[in-house]
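Here's the structure we're looking at; comments come further down.
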Amino acid sequence: MTPPSPASSAALSGHWPSWVTPELVAGRTLSFSELRTAGEWIFWLESRPDEQGRSVITARDPEGHIHDLIPPEYSVGTRVHEYGGGAWDVRLKDNAKDNAPQVVFSDRKRGGVWFSDGTTATQWATAGESPEHRYADLTFDPAVDAVFCVRESHGDGVPVATLVHVQADGRETVLVEGADFYAAPRPSPDGNFLAWFSWNDPAMPWTATTLSVAPFDRTTCTLGPVTDLTGPEPCSIIEPCWSADGMLYATYDASGRWTPIRFSHDETGWHSHSLDGANAEIGLPHWVFGQRSMAPLPENRLLALGIRHGLNHVLLEDNDLWTELALGTPVNVPEPLGNGQFAWIDAPADAPAAIAFGRPGKGCDRFRISVTLPHGVTKADIATPTPLTFPTANGAEAHALAHALFYAPASSTSALQHGEKPPLVVMAHGGPTGRANPSFAFKVQWWTSRGFAVLDVNYRGSTGFGRAYREALDGQWGVADIEDCLAGVQAVLDRGLADPARCVIRGSSAGGLTVLGALAQSDLFAAGTSLYGVTDLRALAEETHKFEARYLDGLIGPYPEDEAVYLKRSPITQAEGITVPVLFLHGGADKVVPLSQAESMRTKLEHSALHVYPEEAHGFRARETIEDALQRELAFYQQVFNA
């Protein structure tokens, strides 16, 4: 990690002319997620900022043509758990090559369940008013015109979760109820079984879940006796999926990290076989529906996306042996196509994300690019990450080292002046079970192209390093994460990679709490930005939505029994320790971290500013919001440095 060579332009780092414009980031960048395949068709969910963040089911047919599969007045989305996901499914009847795809989806504004052949949409289920029904994790019934899905009912009290079967004529049957949460209703290929997982407060889906399977009687639309496949030890067992020949797969972390497991069924019952040996974490925290880390292949083989030392790897299991495949740089498990190829969302460190397909070791065709970079941009203009490890504050045995990704400033036309060290932007991800991802991201390039260095911290609690590392944050949120961010900054400064007088820290949601705590507990930073961040843990415990209502039990302690700890860890009670400027950016319609959190914190700080985007919820989607937030934060740091 050698600093750049002497200057080729006179601009001070942090003020370099940049090719990364607000319009490029917000207006022309497509966002891809939830890629799927059927036959030789490729499908994905595409979010378009220049259409007010509209999400569209998009497809590439076998001849290479691109199609939108829902009418223009609809946008795919759901507010189940507030974070949504899994709000659509697609099928080709009989996988016929010339058969137009059919999709089922929930509409972001209208709610309900809709069916579309690409030209018109027909409503299968309505959102209702009292109670309001929200739908997620939609999966076509393989035998009839119907879907299995999660339904969240909002009435006068706490929302109620169920698994339901919705038919095209509007008939809606509750299949399973009683647990606090449900996810991933997955029918077997013949439709004779249904698998799902569930959990109850105070557990979260990455701490303890139950995997269930039951026969499905289509005549009565009911489930038979339910079998619990979880095993003897409580663990997180998630992502059930079926192979074409009826094998059931899931991934579970009883061994210390998420590892695939296969279940077979005969007249004596269900039998499990662990597919360990991958030396990687195969699974992601279930914050959103529709995540897929595994793709069953013929002949009892399994393709998986594993995380090893924070980096993604494509892994193939065949007869209990794991091998690594050279198959692009995917952020999802590659999905098989009907012609021996695979499709995936390709996200290298040095190029924008794209939808791609190809064969192992043969390169790939990146046919749908998220954004076209301006003419003249070269590899020298794009910052790529260097993994960084450093001791944690207390050097605990299971997690003596913390992790981060470091990005040096990058430009083909500008460089550091003689003797100059760049300003440093420290990023604290959300979750806090999130992860610093090495893929190309404008949230990094926005800064590095202007002469900033970036440190994206995978503090204790982050995903991709095993269960022990994730659980190292249990009872320590607001302590261990802050310690690791501070230790990471010190490691960068000790290596001479940044200017100690020009360090700032930014974070969103849970990362906002880390930001404010770091500002209160150290003098390493000149300023900080909290994007829809947590400031008052007591208020969060009392006000947040059902999905996270008991989340803090594990991260902090039971409430109100441990109220004193909540007070001590809350940034709002540490405000006197924050003496540097702080910028708050928040959505006025945020139901996860209410605006009142930022407003209350703002009144406690002498040198702070709050800007509210009235129509935004938790996370910014609209083009105008993204552009304004980027420019506002950059101007804030430049003003601080020049003061």
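The way I read the labels, and the way they are meant: chains A, B, ... in the order of the structure tokens, residue 1 as the first residue of every chain, and ligand 1 as the first ligand shown, with later ones counted on from there.
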
Show me, as a Markdown table, the residues of stretch 201-297 of chain A having an atom within 9 Å of stretch 29-49 of chain A, each with the closest atom pair and its distance in Å, using only C-alpha atoms.
| residue | atom | partner | partner_atom | distance |
| --- | --- | --- | --- | --- |
| A:Gly290 | CA | A:Glu34 | CA | 6.7 |
| A:Gln291 | CA | A:Glu34 | CA | 7.0 |
| A:Arg292 | CA | A:Glu34 | CA | 7.9 |

Selection file, all heavy atoms, as a PDB file, in the first residue's frame:
ATOM      1  N   GLY A 290     -35.446 -13.532  -0.291  1.00  0.00           N
ATOM      2  CA  GLY A 290     -35.006 -13.823  -1.648  1.00  0.00           C
ATOM      3  C   GLY A 290     -33.526 -14.045  -1.829  1.00  0.00           C
ATOM      4  O   GLY A 290     -33.062 -14.205  -2.964  1.00  0.00           O
ATOM      5  N   GLN A 291     -32.733 -14.070  -0.752  1.00  0.00           N
ATOM      6  CA  GLN A 291     -31.301 -14.288  -0.899  1.00  0.00           C
ATOM      7  C   GLN A 291     -31.017 -15.743  -1.269  1.00  0.00           C
ATOM      8  O   GLN A 291     -31.662 -16.658  -0.782  1.00  0.00           O
ATOM      9  CB  GLN A 291     -30.567 -13.927   0.399  1.00  0.00           C
ATOM     10  CG  GLN A 291     -30.660 -12.465   0.747  1.00  0.00           C
ATOM     11  CD  GLN A 291     -29.880 -12.097   1.992  1.00  0.00           C
ATOM     12  OE1 GLN A 291     -29.330 -11.023   2.094  1.00  0.00           O
ATOM     13  NE2 GLN A 291     -29.848 -12.984   2.966  1.00  0.00           N
ATOM     14  N   ARG A 292     -30.007 -15.945  -2.119  1.00  0.00           N
ATOM     15  CA  ARG A 292     -29.643 -17.285  -2.552  1.00  0.00           C
ATOM     16  C   ARG A 292     -28.122 -17.414  -2.547  1.00  0.00           C
ATOM     17  O   ARG A 292     -27.430 -16.701  -3.270  1.00  0.00           O
ATOM     18  CB  ARG A 292     -30.166 -17.575  -3.960  1.00  0.00           C
ATOM     19  CG  ARG A 292     -31.682 -17.480  -4.080  1.00  0.00           C
ATOM     20  CD  ARG A 292     -32.157 -17.957  -5.436  1.00  0.00           C
ATOM     21  NE  ARG A 292     -33.599 -17.790  -5.585  1.00  0.00           N
ATOM     22  CZ  ARG A 292     -34.318 -18.320  -6.556  1.00  0.00           C
ATOM     23  NH1 ARG A 292     -33.726 -19.058  -7.486  1.00  0.00           N
ATOM     24  NH2 ARG A 292     -35.622 -18.122  -6.634  1.00  0.00           N
TER      25      ARG A 292
END

Residues flagged strand (DSSP E or B) by DSSP in stretch 439-501 of chain A, as number ranges by chain:
A: 453-458

All residues 9 Å or closer to stretch 445-451 of chain A, only C-alpha atoms, same chain fewer than 2 positions away omitted, as a PyMOL selection string
chain A and resi 12-22+25+381-383+407-411+414-416+422-423+425+440-443+453-454+630+634

With N, CA, C and O atoms kept, could you save the residues just selected as a compact mmCIF listing (two decimals), in the first residue's frame?
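What ended up in again-v9.txt:
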# COMPACT_ATOMS: atom_id res chain seq x y z
N LEU A 12 -5.06 20.08 -4.08
CA LEU A 12 -4.89 19.38 -2.81
C LEU A 12 -5.81 18.17 -2.79
O LEU A 12 -6.94 18.21 -3.28
N SER A 13 -5.32 17.06 -2.24
CA SER A 13 -6.17 15.87 -2.15
C SER A 13 -7.44 16.20 -1.38
O SER A 13 -7.42 16.92 -0.38
N GLY A 14 -8.55 15.65 -1.85
CA GLY A 14 -9.86 16.01 -1.34
C GLY A 14 -10.55 17.02 -2.23
O GLY A 14 -11.75 17.25 -2.11
N HIS A 15 -9.74 17.61 -3.16
CA HIS A 15 -10.28 18.60 -4.10
C HIS A 15 -9.93 18.24 -5.54
O HIS A 15 -10.08 19.07 -6.43
N TRP A 16 -9.45 17.02 -5.78
CA TRP A 16 -9.08 16.65 -7.15
C TRP A 16 -10.31 16.72 -8.07
O TRP A 16 -11.43 16.37 -7.66
N PRO A 17 -10.10 17.13 -9.32
CA PRO A 17 -11.21 17.02 -10.29
C PRO A 17 -11.55 15.55 -10.50
O PRO A 17 -10.66 14.71 -10.63
N SER A 18 -12.84 15.24 -10.50
CA SER A 18 -13.27 13.85 -10.49
C SER A 18 -14.19 13.55 -11.66
O SER A 18 -15.02 14.37 -12.06
N TRP A 19 -14.05 12.34 -12.19
CA TRP A 19 -14.95 11.84 -13.23
C TRP A 19 -16.24 11.31 -12.64
O TRP A 19 -17.21 11.06 -13.38
N VAL A 20 -16.31 11.16 -11.31
CA VAL A 20 -17.51 10.61 -10.65
C VAL A 20 -18.43 11.77 -10.30
O VAL A 20 -18.29 12.42 -9.26
N THR A 21 -19.37 12.06 -11.17
CA THR A 21 -20.31 13.16 -10.96
C THR A 21 -21.54 12.68 -10.22
O THR A 21 -21.87 11.48 -10.24
N PRO A 22 -22.27 13.59 -9.56
CA PRO A 22 -23.52 13.19 -8.91
C PRO A 22 -24.51 12.58 -9.89
O PRO A 22 -25.22 11.63 -9.57
N VAL A 25 -23.62 8.93 -10.61
CA VAL A 25 -23.93 8.03 -9.50
C VAL A 25 -25.44 7.80 -9.39
O VAL A 25 -25.91 6.67 -9.26
N ASP A 381 -7.82 5.37 -12.76
CA ASP A 381 -8.82 6.24 -12.13
C ASP A 381 -9.71 5.51 -11.14
O ASP A 381 -10.55 6.14 -10.49
N ILE A 382 -9.56 4.21 -11.04
CA ILE A 382 -10.45 3.39 -10.21
C ILE A 382 -9.67 2.79 -9.05
O ILE A 382 -8.67 2.09 -9.25
N ALA A 383 -10.11 3.06 -7.85
CA ALA A 383 -9.47 2.53 -6.64
C ALA A 383 -9.93 1.09 -6.42
O ALA A 383 -11.11 0.77 -6.58
N TYR A 407 -8.61 1.60 0.55
CA TYR A 407 -8.52 2.11 -0.81
C TYR A 407 -7.66 3.38 -0.81
O TYR A 407 -7.97 4.35 -0.10
N ALA A 408 -6.60 3.38 -1.59
CA ALA A 408 -5.79 4.58 -1.76
C ALA A 408 -6.46 5.50 -2.78
O ALA A 408 -7.26 5.04 -3.61
N PRO A 409 -6.19 6.78 -2.76
CA PRO A 409 -6.73 7.67 -3.79
C PRO A 409 -6.32 7.19 -5.18
O PRO A 409 -5.24 6.60 -5.35
N ALA A 410 -7.17 7.45 -6.17
CA ALA A 410 -6.89 6.96 -7.52
C ALA A 410 -7.24 8.02 -8.56
O ALA A 410 -8.37 8.54 -8.56
N SER A 411 -6.28 8.34 -9.40
CA SER A 411 -6.52 9.30 -10.48
C SER A 411 -5.40 9.19 -11.50
O SER A 411 -4.23 8.99 -11.13
N SER A 414 -4.28 13.36 -11.38
CA SER A 414 -3.92 14.05 -10.15
C SER A 414 -3.16 13.10 -9.24
O SER A 414 -3.32 11.87 -9.34
N ALA A 415 -2.35 13.64 -8.37
CA ALA A 415 -1.61 12.83 -7.41
C ALA A 415 -1.30 13.68 -6.19
O ALA A 415 -1.49 14.90 -6.20
N LEU A 416 -0.82 13.03 -5.16
CA LEU A 416 -0.49 13.75 -3.94
C LEU A 416 0.67 14.70 -4.18
O LEU A 416 1.61 14.39 -4.93
N PRO A 422 -3.14 11.82 2.14
CA PRO A 422 -4.53 12.11 1.80
C PRO A 422 -5.44 12.13 3.02
O PRO A 422 -5.15 11.50 4.05
N PRO A 423 -6.56 12.84 2.91
CA PRO A 423 -7.60 12.71 3.94
C PRO A 423 -8.17 11.30 3.90
O PRO A 423 -8.10 10.62 2.87
N VAL A 425 -11.55 8.81 4.67
CA VAL A 425 -12.96 8.59 4.96
C VAL A 425 -13.11 7.18 5.51
O VAL A 425 -12.80 6.20 4.83
N PHE A 440 -16.82 -3.05 -6.92
CA PHE A 440 -16.84 -1.65 -7.35
C PHE A 440 -18.08 -0.96 -6.80
O PHE A 440 -19.20 -1.47 -6.94
N ALA A 441 -17.88 0.21 -6.20
CA ALA A 441 -19.02 0.95 -5.65
C ALA A 441 -18.73 2.43 -5.72
O ALA A 441 -17.63 2.89 -5.35
N PHE A 442 -19.70 3.18 -6.19
CA PHE A 442 -19.52 4.63 -6.26
C PHE A 442 -19.41 5.27 -4.88
O PHE A 442 -18.86 6.35 -4.75
N LYS A 443 -19.93 4.59 -3.86
CA LYS A 443 -19.79 5.16 -2.51
C LYS A 443 -18.32 5.23 -2.10
O LYS A 443 -17.97 6.01 -1.22
N ALA A 453 -8.48 8.86 0.74
CA ALA A 453 -8.35 7.43 0.99
C ALA A 453 -9.61 6.97 1.71
O ALA A 453 -10.29 7.77 2.36
N VAL A 454 -9.93 5.69 1.60
CA VAL A 454 -11.14 5.13 2.23
C VAL A 454 -10.75 3.89 3.02
O VAL A 454 -9.99 3.04 2.53
N LEU A 630 -24.81 13.30 -1.69
CA LEU A 630 -23.39 13.20 -2.03
C LEU A 630 -22.72 14.56 -2.01
O LEU A 630 -21.65 14.75 -1.40
N LEU A 634 -19.82 15.98 0.71
CA LEU A 634 -18.51 16.41 0.23
C LEU A 634 -18.22 17.86 0.62
O LEU A 634 -17.13 18.17 1.13

Atomic separation - atom CA of A:Ala347 relative to atom CA of A:Ser75, Å:
24.3 Å

Which is closest to A:Val56 among A:Thr535, A:Ser274, A:Ser106, A:Ser522, if we use only C-alpha atoms?
A:Ser106

If we count only C-alpha atoms and set the cut-off at 10 Å, which residues sit around A:Lys362, ignoring sequence neighbours fewer than 5 positions away in its own chain? Please answer as a count of residues only.
3

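Here atom CA of A:His271 and atom CA of A:Arg257 stand 21.2 Å from one another.
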
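Each of A:Val534, A:Val580, A:Ile282, A:Leu325 was checked against A:Gly306 using only C-alpha atoms; the smallest atom-to-atom distance is that of A:Ile282.
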
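We find atom CA of A:Arg359 and atom CA of A:Glu281 to be spaced 23.5 Å apart.
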
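Omitting A:Asp228 and its sequence neighbours fewer than 2 positions away, and counting only C-alpha atoms, the residues within 9 Å are Thr210, Leu211, Ser212, Val213, Val226, Thr230 and Gly231 of chain A.
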
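Here the question is which of A:Trp124, A:Tyr551, A:Tyr83, A:Tyr249 gets nearest to A:Ala304 using only C-alpha atoms, and that residue is A:Tyr249.
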
Quick one: DSSP alpha helix (DSSP H) residues in stretch 12-90 of chain A, as a ChimeraX atom specification?
/A:22-27

For stretch 581-589 of chain A, find every residue with an atom within 8 Å (counting only C-alpha atoms), except residues of its own chain fewer than 3 positions away, and show them as a VMD selection string.
chain A and resid 526 to 533 594 to 595 598 602 607 to 620 629 633 636 640

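Residue nearest A:Ala400 within the list A:Leu175, A:Val113, A:Ala518, A:Ala472: A:Ala472 [criterion: smallest interatomic distance, only C-alpha atoms].
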